[in-house]
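Shown next, in structure tokens, is the structure this report addresses.
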Amino acid sequence: MRGLITNREVLMNLGVIWREFGLGCVLRCMWVVCHGRQTTFLDVVFKR
């Protein structure tokens, strides 16, 4: 298990991500998906 987020997981859980983590997290997730970066969800949520 690598813990990477996939395009499908982000799109299927967009409402949950928005509700639980806010618009900023949704936008960061979409940026990662659009740019094809491989990262974990926790890296996106706790971006420094």
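Please note that chains go A, B, ... in the order of the structure tokens, that every chain numbers its residues from 1, and that ligands are numbered from 1 in the order shown.
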
DSSP-assigned alpha helix (DSSP H) among chain A, expressed as a ChimeraX atom specification: /A:7-12,14-21,23-35,41-45

Shell around Ile17 (chain A) at 12 Å using only C-alpha atoms, local window under 3 positions removed, as a list in words: Glu9, Val10, Leu11, Met12, Asn13, Leu14, Glu20, Phe21, Gly22, Leu23, Gly24, Cys25, Val26, Leu27, Arg28, Cys29, Met30, Phe41, Leu42, Val44 and Val45 of chain A

Can those selected residues be exported to a file as a short mmCIF file (atom, residue, chain, number, x, y, z; two decimals), in the first residue's frame so that it contains N, CA and C atoms?
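Written output follows (out.cif):
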data_model
loop_
_atom_site.label_atom_id
_atom_site.label_comp_id
_atom_site.auth_asym_id
_atom_site.auth_seq_id
_atom_site.Cartn_x
_atom_site.Cartn_y
_atom_site.Cartn_z
N GLU A 9 -10.55 8.40 -6.92
CA GLU A 9 -10.87 8.56 -5.51
C GLU A 9 -11.22 10.00 -5.17
N VAL A 10 -10.49 10.94 -5.74
CA VAL A 10 -10.77 12.35 -5.48
C VAL A 10 -12.14 12.72 -6.01
N LEU A 11 -12.44 12.34 -7.24
CA LEU A 11 -13.71 12.70 -7.85
C LEU A 11 -14.89 12.01 -7.16
N MET A 12 -14.72 10.76 -6.74
CA MET A 12 -15.81 10.04 -6.09
C MET A 12 -16.09 10.59 -4.69
N ASN A 13 -15.09 11.17 -4.05
CA ASN A 13 -15.24 11.65 -2.67
C ASN A 13 -15.14 13.15 -2.55
N LEU A 14 -15.40 13.86 -3.62
CA LEU A 14 -15.27 15.32 -3.63
C LEU A 14 -16.16 15.98 -2.59
N GLU A 20 -15.59 17.88 4.95
CA GLU A 20 -14.72 17.60 6.10
C GLU A 20 -13.46 18.47 6.15
N PHE A 21 -12.92 18.87 4.97
CA PHE A 21 -11.63 19.55 4.95
C PHE A 21 -11.67 20.95 4.34
N GLY A 22 -12.76 21.30 3.66
CA GLY A 22 -12.93 22.64 3.15
C GLY A 22 -12.51 22.83 1.70
N LEU A 23 -12.83 24.03 1.21
CA LEU A 23 -12.57 24.37 -0.19
C LEU A 23 -11.08 24.36 -0.52
N GLY A 24 -10.26 24.81 0.38
CA GLY A 24 -8.81 24.84 0.12
C GLY A 24 -8.26 23.47 -0.17
N CYS A 25 -8.69 22.49 0.58
CA CYS A 25 -8.23 21.12 0.37
C CYS A 25 -8.74 20.58 -0.96
N VAL A 26 -9.99 20.88 -1.30
CA VAL A 26 -10.55 20.45 -2.59
C VAL A 26 -9.72 21.03 -3.73
N LEU A 27 -9.40 22.31 -3.64
CA LEU A 27 -8.61 22.94 -4.70
C LEU A 27 -7.21 22.35 -4.79
N ARG A 28 -6.59 22.06 -3.66
CA ARG A 28 -5.26 21.43 -3.68
C ARG A 28 -5.33 20.03 -4.28
N CYS A 29 -6.39 19.27 -3.94
CA CYS A 29 -6.56 17.93 -4.53
C CYS A 29 -6.72 18.03 -6.04
N MET A 30 -7.54 18.97 -6.49
CA MET A 30 -7.76 19.12 -7.93
C MET A 30 -6.48 19.55 -8.63
N PHE A 41 -2.82 11.75 0.41
CA PHE A 41 -3.87 12.67 0.81
C PHE A 41 -3.43 13.51 2.00
N LEU A 42 -2.70 12.91 2.93
CA LEU A 42 -2.23 13.66 4.10
C LEU A 42 -1.27 14.78 3.71
N VAL A 44 -1.53 16.51 1.04
CA VAL A 44 -2.40 17.56 0.50
C VAL A 44 -3.10 18.30 1.64
N VAL A 45 -3.62 17.54 2.61
CA VAL A 45 -4.37 18.13 3.71
C VAL A 45 -3.47 19.01 4.58
#

Polymer residues at most 12 Å from Asp43 (chain A), only C-alpha atoms, same-chain spacing of 3 or more positions, as a ChimeraX atom specification: /A:3-5,25,28-29,32,37-40,46-48
